[in-house]
file target-v2.pdb (PDB, C-alpha atoms)
ATOM      1  CA  MET A   1      16.779  21.892  15.385  1.00  0.00           C
ATOM      2  CA  GLY A   2      16.365  24.226  12.401  1.00  0.00           C
ATOM      3  CA  LEU A   3      13.616  24.093   9.794  1.00  0.00           C
ATOM      4  CA  PHE A   4      15.902  22.653   7.109  1.00  0.00           C
ATOM      5  CA  GLU A   5      17.044  19.874   9.418  1.00  0.00           C
ATOM      6  CA  ARG A   6      13.447  19.023  10.324  1.00  0.00           C
ATOM      7  CA  VAL A   7      12.476  18.866   6.647  1.00  0.00           C
ATOM      8  CA  ARG A   8      15.508  16.691   5.889  1.00  0.00           C
ATOM      9  CA  ARG A   9      14.630  14.262   8.664  1.00  0.00           C
ATOM     10  CA  GLN A  10      10.955  14.142   7.691  1.00  0.00           C
ATOM     11  CA  TRP A  11      11.445  14.204   3.914  1.00  0.00           C
ATOM     12  CA  PHE A  12       9.144  11.210   3.443  1.00  0.00           C
ATOM     13  CA  LEU A  13       6.141  12.942   5.055  1.00  0.00           C
ATOM     14  CA  VAL A  14       6.977  16.234   3.342  1.00  0.00           C
ATOM     15  CA  GLY A  15       7.164  14.383   0.027  1.00  0.00           C
ATOM     16  CA  ILE A  16       3.731  12.820   0.586  1.00  0.00           C
ATOM     17  CA  VAL A  17       2.199  16.267   1.148  1.00  0.00           C
ATOM     18  CA  LEU A  18       3.942  17.634  -1.950  1.00  0.00           C
ATOM     19  CA  VAL A  19       2.893  14.818  -4.308  1.00  0.00           C
ATOM     20  CA  ILE A  20      -0.733  15.029  -3.149  1.00  0.00           C
ATOM     21  CA  THR A  21      -0.669  18.801  -3.589  1.00  0.00           C
ATOM     22  CA  PHE A  22       0.832  18.458  -7.069  1.00  0.00           C
ATOM     23  CA  ALA A  23      -1.815  15.875  -7.962  1.00  0.00           C
ATOM     24  CA  LYS A  24      -4.456  18.389  -6.907  1.00  0.00           C
ATOM     25  CA  LEU A  25      -2.912  21.129  -9.047  1.00  0.00           C
ATOM     26  CA  GLN A  26      -2.029  19.032 -12.103  1.00  0.00           C
ATOM     27  CA  PRO A  27      -3.984  15.742 -12.044  1.00  0.00           C
ATOM     28  CA  SER A  28      -3.410  15.171 -15.759  1.00  0.00           C
ATOM     29  CA  VAL A  29       0.278  14.404 -15.136  1.00  0.00           C
ATOM     30  CA  GLY A  30      -0.408  11.272 -13.107  1.00  0.00           C
ATOM     31  CA  MET A  31      -3.610  10.122 -14.793  1.00  0.00           C
ATOM     32  CA  HIS A  32      -3.932   7.025 -16.946  1.00  0.00           C
ATOM     33  CA  GLY A  33      -2.115   7.704 -20.208  1.00  0.00           C
ATOM     34  CA  GLY A  34      -0.354  10.766 -18.760  1.00  0.00           C
ATOM     35  CA  PRO A  35       3.379  11.512 -18.784  1.00  0.00           C
ATOM     36  CA  LEU A  36       4.070   9.309 -15.719  1.00  0.00           C
ATOM     37  CA  LYS A  37       2.372   6.288 -17.339  1.00  0.00           C
ATOM     38  CA  PRO A  38       0.844   4.895 -14.100  1.00  0.00           C
ATOM     39  CA  GLU A  39      -0.625   1.950 -16.002  1.00  0.00           C
ATOM     40  CA  ILE A  40       2.985   0.764 -16.345  1.00  0.00           C
ATOM     41  CA  THR A  41       4.959   2.418 -13.544  1.00  0.00           C
ATOM     42  CA  ILE A  42       2.420   1.584 -10.829  1.00  0.00           C
ATOM     43  CA  THR A  43       1.220  -1.807 -12.000  1.00  0.00           C
ATOM     44  CA  TYR A  44       4.613  -3.260 -12.854  1.00  0.00           C
ATOM     45  CA  ILE A  45       7.309  -1.131 -11.193  1.00  0.00           C
ATOM     46  CA  ALA A  46       6.353   0.792  -8.023  1.00  0.00           C
ATOM     47  CA  VAL A  47       4.703  -2.009  -6.018  1.00  0.00           C
ATOM     48  CA  SER A  48       7.261  -4.559  -7.203  1.00  0.00           C
ATOM     49  CA  THR A  49      10.094  -2.238  -6.136  1.00  0.00           C
ATOM     50  CA  ILE A  50       8.678  -1.961  -2.622  1.00  0.00           C
ATOM     51  CA  PHE A  51       8.445  -5.710  -2.117  1.00  0.00           C
ATOM     52  CA  PHE A  52      11.724  -6.447  -3.869  1.00  0.00           C
ATOM     53  CA  ASN A  53      13.493  -4.061  -1.479  1.00  0.00           C
ATOM     54  CA  SER A  54      11.687  -5.670   1.446  1.00  0.00           C
ATOM     55  CA  GLY A  55      13.018  -9.015   0.283  1.00  0.00           C
ATOM     56  CA  LEU A  56      16.526  -7.567   0.122  1.00  0.00           C
ATOM     57  CA  SER A  57      16.273  -5.918   3.541  1.00  0.00           C
ATOM     58  CA  LEU A  58      14.744  -8.749   5.553  1.00  0.00           C
ATOM     59  CA  LYS A  59      16.512 -11.906   6.552  1.00  0.00           C
ATOM     60  CA  THR A  60      14.824 -15.163   5.672  1.00  0.00           C
ATOM     61  CA  GLU A  61      14.666 -15.988   9.393  1.00  0.00           C
ATOM     62  CA  GLU A  62      12.649 -12.825  10.038  1.00  0.00           C
ATOM     63  CA  LEU A  63      10.063 -13.774   7.415  1.00  0.00           C
ATOM     64  CA  THR A  64       9.922 -17.340   8.724  1.00  0.00           C
ATOM     65  CA  ASN A  65       9.429 -16.165  12.298  1.00  0.00           C
ATOM     66  CA  ALA A  66       6.707 -13.756  11.160  1.00  0.00           C
ATOM     67  CA  LEU A  67       4.738 -16.677   9.714  1.00  0.00           C
ATOM     68  CA  MET A  68       4.635 -18.261  13.176  1.00  0.00           C
ATOM     69  CA  HIS A  69       2.759 -15.332  14.778  1.00  0.00           C
ATOM     70  CA  VAL A  70      -0.615 -16.983  14.252  1.00  0.00           C
ATOM     71  CA  LYS A  71      -2.433 -14.965  16.931  1.00  0.00           C
ATOM     72  CA  LEU A  72      -1.187 -11.707  15.437  1.00  0.00           C
ATOM     73  CA  HIS A  73      -2.323 -12.707  11.955  1.00  0.00           C
ATOM     74  CA  MET A  74      -5.740 -13.787  13.242  1.00  0.00           C
ATOM     75  CA  PHE A  75      -6.151 -10.476  15.076  1.00  0.00           C
ATOM     76  CA  VAL A  76      -5.130  -8.364  12.059  1.00  0.00           C
ATOM     77  CA  GLN A  77      -7.326 -10.195   9.567  1.00  0.00           C
ATOM     78  CA  THR A  78     -10.312 -10.330  11.941  1.00  0.00           C
ATOM     79  CA  PHE A  79      -9.983  -6.624  12.723  1.00  0.00           C
ATOM     80  CA  THR A  80      -9.594  -5.679   9.054  1.00  0.00           C
ATOM     81  CA  LEU A  81     -12.180  -7.934   7.419  1.00  0.00           C
ATOM     82  CA  ALA A  82     -14.732  -8.377  10.219  1.00  0.00           C
ATOM     83  CA  PHE A  83     -14.609  -5.797  13.015  1.00  0.00           C
ATOM     84  CA  PHE A  84     -13.876  -2.725  10.891  1.00  0.00           C
ATOM     85  CA  PRO A  85     -16.588  -3.318   8.223  1.00  0.00           C
ATOM     86  CA  THR A  86     -19.106  -4.013  11.008  1.00  0.00           C
ATOM     87  CA  ALA A  87     -18.104  -0.879  12.926  1.00  0.00           C
ATOM     88  CA  ILE A  88     -18.451   1.176   9.742  1.00  0.00           C
ATOM     89  CA  TRP A  89     -21.906  -0.342   9.163  1.00  0.00           C
ATOM     90  CA  PHE A  90     -23.102   0.765  12.623  1.00  0.00           C
ATOM     91  CA  PHE A  91     -21.552   4.206  12.146  1.00  0.00           C
ATOM     92  CA  LEU A  92     -23.253   4.656   8.775  1.00  0.00           C
ATOM     93  CA  LYS A  93     -26.599   3.714  10.309  1.00  0.00           C
ATOM     94  CA  LEU A  94     -26.228   6.839  12.452  1.00  0.00           C
ATOM     95  CA  LEU A  95     -25.136   8.957   9.500  1.00  0.00           C
ATOM     96  CA  ALA A  96     -28.152   7.710   7.533  1.00  0.00           C
ATOM     97  CA  LEU A  97     -30.323   9.728   9.937  1.00  0.00           C
ATOM     98  CA  THR A  98     -28.770  12.903   8.549  1.00  0.00           C
ATOM     99  CA  SER A  99     -29.072  14.502   5.117  1.00  0.00           C
ATOM    100  CA  ILE A 100     -25.846  12.957   3.764  1.00  0.00           C
ATOM    101  CA  ASN A 101     -26.136  11.541   0.236  1.00  0.00           C
ATOM    102  CA  PRO A 102     -26.963   7.797   0.488  1.00  0.00           C
ATOM    103  CA  TRP A 103     -24.526   6.998  -2.305  1.00  0.00           C
ATOM    104  CA  LEU A 104     -21.720   8.544  -0.262  1.00  0.00           C
ATOM    105  CA  LEU A 105     -22.636   6.257   2.623  1.00  0.00           C
ATOM    106  CA  LYS A 106     -22.592   3.247   0.301  1.00  0.00           C
ATOM    107  CA  GLY A 107     -19.180   4.333  -0.942  1.00  0.00           C
ATOM    108  CA  LEU A 108     -17.867   4.539   2.622  1.00  0.00           C
ATOM    109  CA  GLN A 109     -19.209   1.062   3.346  1.00  0.00           C
ATOM    110  CA  THR A 110     -17.549  -0.264   0.203  1.00  0.00           C
ATOM    111  CA  VAL A 111     -14.201   1.208   1.226  1.00  0.00           C
ATOM    112  CA  GLY A 112     -14.666  -0.238   4.721  1.00  0.00           C
ATOM    113  CA  CYS A 113     -14.995  -3.730   3.257  1.00  0.00           C
ATOM    114  CA  MET A 114     -11.736  -3.525   1.335  1.00  0.00           C
ATOM    115  CA  PRO A 115      -8.511  -5.202   2.506  1.00  0.00           C
ATOM    116  CA  PRO A 116      -5.656  -2.831   3.396  1.00  0.00           C
ATOM    117  CA  PRO A 117      -3.499  -1.691   0.441  1.00  0.00           C
ATOM    118  CA  VAL A 118      -0.365  -3.789   0.392  1.00  0.00           C
ATOM    119  CA  SER A 119       2.080  -0.957  -0.298  1.00  0.00           C
ATOM    120  CA  SER A 120       0.805   1.391   2.420  1.00  0.00           C
ATOM    121  CA  ALA A 121       0.813  -1.335   5.068  1.00  0.00           C
ATOM    122  CA  VAL A 122       4.446  -2.221   4.414  1.00  0.00           C
ATOM    123  CA  ILE A 123       5.881   1.260   3.871  1.00  0.00           C
ATOM    124  CA  LEU A 124       4.137   2.926   6.826  1.00  0.00           C
ATOM    125  CA  THR A 125       4.937   0.037   9.183  1.00  0.00           C
ATOM    126  CA  LYS A 126       8.577   0.229   8.154  1.00  0.00           C
ATOM    127  CA  ALA A 127       8.620   4.030   8.519  1.00  0.00           C
ATOM    128  CA  VAL A 128       7.610   3.860  12.206  1.00  0.00           C
ATOM    129  CA  GLY A 129       9.927   0.962  13.018  1.00  0.00           C
ATOM    130  CA  GLY A 130       7.221  -1.717  13.227  1.00  0.00           C
ATOM    131  CA  ASN A 131       7.391  -5.402  12.356  1.00  0.00           C
ATOM    132  CA  GLU A 132       7.927  -5.209   8.605  1.00  0.00           C
ATOM    133  CA  ALA A 133       7.910  -8.969   8.103  1.00  0.00           C
ATOM    134  CA  ALA A 134       4.519  -9.320   9.808  1.00  0.00           C
ATOM    135  CA  ALA A 135       3.185  -6.366   7.804  1.00  0.00           C
ATOM    136  CA  ILE A 136       4.289  -7.998   4.544  1.00  0.00           C
ATOM    137  CA  PHE A 137       2.573 -11.268   5.392  1.00  0.00           C
ATOM    138  CA  ASN A 138      -0.670  -9.705   6.609  1.00  0.00           C
ATOM    139  CA  SER A 139      -0.958  -7.209   3.760  1.00  0.00           C
ATOM    140  CA  ALA A 140      -0.351  -9.891   1.131  1.00  0.00           C
ATOM    141  CA  PHE A 141      -2.501 -12.504   2.855  1.00  0.00           C
ATOM    142  CA  GLY A 142      -5.259  -9.963   3.467  1.00  0.00           C
ATOM    143  CA  SER A 143      -5.272  -8.989  -0.194  1.00  0.00           C
ATOM    144  CA  PHE A 144      -5.648 -12.604  -1.274  1.00  0.00           C
ATOM    145  CA  LEU A 145      -8.436 -13.119   1.293  1.00  0.00           C
ATOM    146  CA  GLY A 146     -10.116  -9.937   0.085  1.00  0.00           C
ATOM    147  CA  ILE A 147     -10.633 -11.445  -3.358  1.00  0.00           C
ATOM    148  CA  VAL A 148     -13.202 -13.773  -1.773  1.00  0.00           C
ATOM    149  CA  ILE A 149     -14.290 -12.017   1.438  1.00  0.00           C
ATOM    150  CA  THR A 150     -14.835  -8.467   0.122  1.00  0.00           C
ATOM    151  CA  PRO A 151     -17.604  -9.472  -2.348  1.00  0.00           C
ATOM    152  CA  LEU A 152     -19.287 -11.444   0.466  1.00  0.00           C
ATOM    153  CA  LEU A 153     -19.101  -8.414   2.788  1.00  0.00           C
ATOM    154  CA  LEU A 154     -20.594  -6.172   0.107  1.00  0.00           C
ATOM    155  CA  LEU A 155     -23.398  -8.660  -0.377  1.00  0.00           C
ATOM    156  CA  LEU A 156     -23.982  -8.776   3.376  1.00  0.00           C
ATOM    157  CA  PHE A 157     -23.908  -5.037   4.098  1.00  0.00           C
ATOM    158  CA  LEU A 158     -25.175  -3.566   0.823  1.00  0.00           C
ATOM    159  CA  GLY A 159     -27.249  -6.404  -0.555  1.00  0.00           C
ATOM    160  CA  SER A 160     -25.368  -6.356  -3.851  1.00  0.00           C
ATOM    161  CA  SER A 161     -22.122  -7.595  -5.281  1.00  0.00           C
ATOM    162  CA  SER A 162     -20.467  -8.106  -8.639  1.00  0.00           C
ATOM    163  CA  ALA A 163     -18.373 -10.601 -10.503  1.00  0.00           C
ATOM    164  CA  VAL A 164     -14.749 -10.666  -9.403  1.00  0.00           C
ATOM    165  CA  PRO A 165     -11.994 -11.384 -11.961  1.00  0.00           C
ATOM    166  CA  PHE A 166     -10.384 -13.815  -9.527  1.00  0.00           C
ATOM    167  CA  THR A 167      -7.708 -15.119 -11.872  1.00  0.00           C
ATOM    168  CA  SER A 168      -6.434 -11.732 -13.047  1.00  0.00           C
ATOM    169  CA  ILE A 169      -6.386 -10.222  -9.538  1.00  0.00           C
ATOM    170  CA  PHE A 170      -4.683 -13.281  -8.077  1.00  0.00           C
ATOM    171  CA  SER A 171      -2.047 -13.366 -10.801  1.00  0.00           C
ATOM    172  CA  GLN A 172      -1.369  -9.618 -10.529  1.00  0.00           C
ATOM    173  CA  LEU A 173      -0.950  -9.823  -6.746  1.00  0.00           C
ATOM    174  CA  PHE A 174       1.295 -12.841  -7.118  1.00  0.00           C
ATOM    175  CA  MET A 175       3.499 -11.200  -9.760  1.00  0.00           C
ATOM    176  CA  THR A 176       3.778  -7.789  -8.057  1.00  0.00           C
ATOM    177  CA  VAL A 177       4.027  -8.917  -4.413  1.00  0.00           C
ATOM    178  CA  VAL A 178       5.107 -12.538  -3.993  1.00  0.00           C
ATOM    179  CA  VAL A 179       7.523 -12.875  -6.907  1.00  0.00           C
ATOM    180  CA  PRO A 180       9.526  -9.648  -6.191  1.00  0.00           C
ATOM    181  CA  LEU A 181       9.736 -10.651  -2.509  1.00  0.00           C
ATOM    182  CA  ILE A 182      11.093 -14.098  -3.403  1.00  0.00           C
ATOM    183  CA  ILE A 183      13.587 -12.630  -5.897  1.00  0.00           C
ATOM    184  CA  GLY A 184      14.732 -10.170  -3.228  1.00  0.00           C
ATOM    185  CA  GLN A 185      15.285 -13.050  -0.831  1.00  0.00           C
ATOM    186  CA  GLU A 186      17.256 -14.955  -3.452  1.00  0.00           C
ATOM    187  CA  ASP A 187      19.438 -11.927  -4.173  1.00  0.00           C
ATOM    188  CA  HIS A 188      19.786 -11.066  -0.474  1.00  0.00           C
ATOM    189  CA  THR A 189      22.742 -13.383   0.077  1.00  0.00           C
ATOM    190  CA  LYS A 190      24.456 -12.169  -3.104  1.00  0.00           C
ATOM    191  CA  VAL A 191      24.121  -8.542  -2.020  1.00  0.00           C
ATOM    192  CA  ALA A 192      25.351  -9.378   1.468  1.00  0.00           C
ATOM    193  CA  VAL A 193      28.441 -11.147   0.083  1.00  0.00           C
ATOM    194  CA  PHE A 194      29.107  -8.190  -2.255  1.00  0.00           C
ATOM    195  CA  PHE A 195      29.042  -5.728   0.635  1.00  0.00           C
ATOM    196  CA  GLN A 196      31.246  -7.941   2.787  1.00  0.00           C
ATOM    197  CA  GLN A 197      33.828  -8.346   0.049  1.00  0.00           C
ATOM    198  CA  ASN A 198      33.869  -4.872  -1.501  1.00  0.00           C
ATOM    199  CA  LEU A 199      32.122  -2.340   0.733  1.00  0.00           C
ATOM    200  CA  SER A 200      32.849  -3.569   4.235  1.00  0.00           C
ATOM    201  CA  ARG A 201      34.102  -0.118   5.281  1.00  0.00           C
ATOM    202  CA  ILE A 202      30.647   1.412   4.730  1.00  0.00           C
ATOM    203  CA  PRO A 203      28.572   1.367   7.957  1.00  0.00           C
ATOM    204  CA  GLU A 204      25.765  -1.174   7.854  1.00  0.00           C
ATOM    205  CA  GLU A 205      23.083   1.442   8.482  1.00  0.00           C
ATOM    206  CA  HIS A 206      24.250   3.352   5.372  1.00  0.00           C
ATOM    207  CA  GLN A 207      24.086   0.275   3.174  1.00  0.00           C
ATOM    208  CA  ASP A 208      20.314   0.149   3.568  1.00  0.00           C
ATOM    209  CA  ILE A 209      19.634   3.806   2.712  1.00  0.00           C
ATOM    210  CA  GLY A 210      19.305   3.274  -1.041  1.00  0.00           C
ATOM    211  CA  LYS A 211      16.731   0.499  -0.611  1.00  0.00           C
ATOM    212  CA  LYS A 212      14.668   2.539   1.864  1.00  0.00           C
ATOM    213  CA  VAL A 213      14.733   5.638  -0.333  1.00  0.00           C
ATOM    214  CA  ALA A 214      13.733   3.648  -3.435  1.00  0.00           C
ATOM    215  CA  SER A 215      10.742   2.099  -1.636  1.00  0.00           C
ATOM    216  CA  LYS A 216       9.562   5.427  -0.224  1.00  0.00           C
ATOM    217  CA  VAL A 217       9.911   7.226  -3.544  1.00  0.00           C
ATOM    218  CA  ALA A 218       7.979   4.404  -5.227  1.00  0.00           C
ATOM    219  CA  TYR A 219       5.238   4.816  -2.623  1.00  0.00           C
ATOM    220  CA  GLN A 220       5.106   8.584  -3.153  1.00  0.00           C
ATOM    221  CA  HIS A 221       4.786   8.006  -6.898  1.00  0.00           C
ATOM    222  CA  LEU A 222       1.964   5.554  -6.242  1.00  0.00           C
ATOM    223  CA  LEU A 223       0.149   8.100  -4.043  1.00  0.00           C
ATOM    224  CA  HIS A 224       0.538  10.842  -6.639  1.00  0.00           C
ATOM    225  CA  CYS A 225      -0.867   8.749  -9.477  1.00  0.00           C
ATOM    226  CA  ASN A 226      -3.754   7.385  -7.403  1.00  0.00           C
ATOM    227  CA  HIS A 227      -4.782  10.881  -6.300  1.00  0.00           C
ATOM    228  CA  SER A 228      -4.455  12.149  -9.872  1.00  0.00           C
ATOM    229  CA  LYS A 229      -6.696   9.343 -11.104  1.00  0.00           C
ATOM    230  CA  HIS A 230      -9.265  10.064  -8.392  1.00  0.00           C
ATOM    231  CA  LEU A 231      -9.303  13.816  -9.005  1.00  0.00           C
ATOM    232  CA  THR A 232      -9.544  13.347 -12.773  1.00  0.00           C
ATOM    233  CA  SER A 233     -12.553  11.064 -12.385  1.00  0.00           C
ATOM    234  CA  ILE A 234     -14.240  13.677 -10.169  1.00  0.00           C
ATOM    235  CA  GLN A 235     -13.600  16.404 -12.752  1.00  0.00           C
ATOM    236  CA  ASP A 236     -14.962  14.222 -15.552  1.00  0.00           C
ATOM    237  CA  ARG A 237     -18.103  13.422 -13.584  1.00  0.00           C
ATOM    238  CA  ARG A 238     -18.725  17.081 -12.796  1.00  0.00           C
ATOM    239  CA  ALA A 239     -18.223  17.975 -16.459  1.00  0.00           C
ATOM    240  CA  ARG A 240     -20.830  15.396 -17.489  1.00  0.00           C
ATOM    241  CA  GLU A 241     -23.255  16.724 -14.879  1.00  0.00           C
ATOM    242  CA  VAL A 242     -22.840  20.273 -16.214  1.00  0.00           C
ATOM    243  CA  ALA A 243     -23.324  19.100 -19.791  1.00  0.00           C
TER
END

call {"tool": "encode", "arguments": {"input": "target-v2.pdb", "output": "structure tokens"}}
result
Amino acid sequence: MGLFERVRRQWFLVGIVLVITFAKLQPSVGMHGGPLKPEITITYIAVSTIFFNSGLSLKTEELTNALMHVKLHMFVQTFTLAFFPTAIWFFLKLLALTSINPWLLKGLQTVGCMPPPVSSAVILTKAVGGNEAAAIFNSAFGSFLGIVITPLLLLLFLGSSSAVPFTSIFSQLFMTVVVPLIIGQEDHTKVAVFFQQNLSRIPEEHQDIGKKVASKVAYQHLLHCNHSKHLTSIQDRRAREVA
């Protein structure tokens, strides 16, 4: 298999490397208020596109069956919101014996208490051929649980917490995750009928390419803007320290 063929087959991974590299070189492009307008394209378009396409791709029966995997859901949520934060806490106790900046350790503990990002969980599970329906449920459910559990974990492990804008976070998750998924399910039958009536000669595996590409491109855009935002904040902090 030649290099070009390998790149073509792995375009999603190659694209991730490229967008992160570009964010490193030109973080101003994907920052808040920049040309890509992440405050609009990420908040209202990219995440919604991913879950809308998931709604189009998955049959209602698959989502219903995924809800019945109670043991799987209990394992995922327990691992994410109990085992992992605790394991990080023990690991950081060892790192605290070194000369690492204590604030860095607190930052690692904070990240360890966060629920998994909804977009990454769905896209990466789908990319490796995993159970997309179960990933959708657990990522969405974990995010809603995180609104309550994450502040409690921070209080437990760090001894401090902060006020959580519960209503705004809940409504944003609902509008960008649940609503697009439901709309995709509603439109699923219409799209299926359209293909059966007008595009029946196109192989079924080809019919899903556009939806997969759109979701992956949306995820790459999300990665680029998030890295740009992070790198810009680092540059601003260093500039203030120098001043």

call {"tool": "closest_residue", "arguments": {"input": "target-v2.pdb", "among": "A:Ser119, A:Ser168, A:Ser54, A:Ser139", "to": "A:Ile42", "atoms": "only C-alpha atoms"}}
result
A:Ser119

call {"tool": "resolve_selection", "arguments": {"input": "target-v2.pdb", "expression": "the PyMOL selection byres ((chain A and resi 151) around 10)", "output": "PyMOL selection string"}}
result
chain A and resi 110+113-114+146-150+152-156+160-164

call {"tool": "residues_around", "arguments": {"input": "target-v2.pdb", "residues": "stretch 31-37 of chain A", "least_positions_apart": "2", "cutoff": "9 Å", "atoms": "only C-alpha atoms", "output": "PDB file with C-alpha atoms, in the frame of the given file"}}
result
ATOM      1  CA  PRO A  27      -3.984  15.742 -12.044  1.00  0.00           C
ATOM      2  CA  SER A  28      -3.410  15.171 -15.759  1.00  0.00           C
ATOM      3  CA  VAL A  29       0.278  14.404 -15.136  1.00  0.00           C
ATOM      4  CA  GLU A  39      -0.625   1.950 -16.002  1.00  0.00           C
ATOM      5  CA  ILE A  40       2.985   0.764 -16.345  1.00  0.00           C
ATOM      6  CA  THR A  41       4.959   2.418 -13.544  1.00  0.00           C
ATOM      7  CA  ILE A  42       2.420   1.584 -10.829  1.00  0.00           C
ATOM      8  CA  HIS A 221       4.786   8.006  -6.898  1.00  0.00           C
ATOM      9  CA  CYS A 225      -0.867   8.749  -9.477  1.00  0.00           C
ATOM     10  CA  ASN A 226      -3.754   7.385  -7.403  1.00  0.00           C
ATOM     11  CA  HIS A 227      -4.782  10.881  -6.300  1.00  0.00           C
ATOM     12  CA  SER A 228      -4.455  12.149  -9.872  1.00  0.00           C
ATOM     13  CA  LYS A 229      -6.696   9.343 -11.104  1.00  0.00           C
ATOM     14  CA  HIS A 230      -9.265  10.064  -8.392  1.00  0.00           C
ATOM     15  CA  LEU A 231      -9.303  13.816  -9.005  1.00  0.00           C
ATOM     16  CA  THR A 232      -9.544  13.347 -12.773  1.00  0.00           C
TER      17      THR A 232
END

call {"tool": "residues_around", "arguments": {"input": "target-v2.pdb", "residues": "A:Gly55", "least_positions_apart": "6", "cutoff": "7 Å", "atoms": "all atoms listed in the file", "output": "ChimeraX atom specification"}}
result
/A:181-182,184-185

call {"tool": "resolve_selection", "arguments": {"input": "target-v2.pdb", "expression": "the PyMOL selection byres ((chain A and resi 60) around 12)", "output": "NGL selection string"}}
result
:A and (54-59 or 61-67 or 133 or 181-189)

call {"tool": "resolve_selection", "arguments": {"input": "target-v2.pdb", "expression": "the PyMOL selection byres ((chain A and resi 69-75) around 12)", "output": "ChimeraX atom specification"}}
result
/A:62-68,76-84,131,133-142

call {"tool": "axis_aligned_box", "arguments": {"input": "target-v2.pdb", "around": "stretch 139-150 of chain A", "padding_each_side": "3 Å", "output": "AutoDock Vina command-line options"}}
result
--center_x -7.6 --center_y -10.5 --center_z 0.2 --size_x 20.5 --size_y 12.6 --size_z 13.1

call {"tool": "closest_residue", "arguments": {"input": "target-v2.pdb", "among": "A:Trp11, A:Phe51, A:Phe22, A:Phe4", "to": "A:Ser120", "atoms": "all atoms listed in the file"}}
result
A:Phe51

call {"tool": "atom_distance", "arguments": {"input": "target-v2.pdb", "atom1": "atom CA of A:Ile45", "atom2": "atom CA of A:Ile169"}}
result
16.5 Å

call {"tool": "atom_distance", "arguments": {"input": "target-v2.pdb", "atom1": "atom CA of A:Ala87", "atom2": "atom CA of A:Leu104"}}
result
16.6 Å

call {"tool": "closest_residue", "arguments": {"input": "target-v2.pdb", "among": "A:His224, A:Lys216, A:Arg6, A:Lys126", "to": "A:Gly30", "atoms": "all atoms listed in the file"}}
result
A:His224
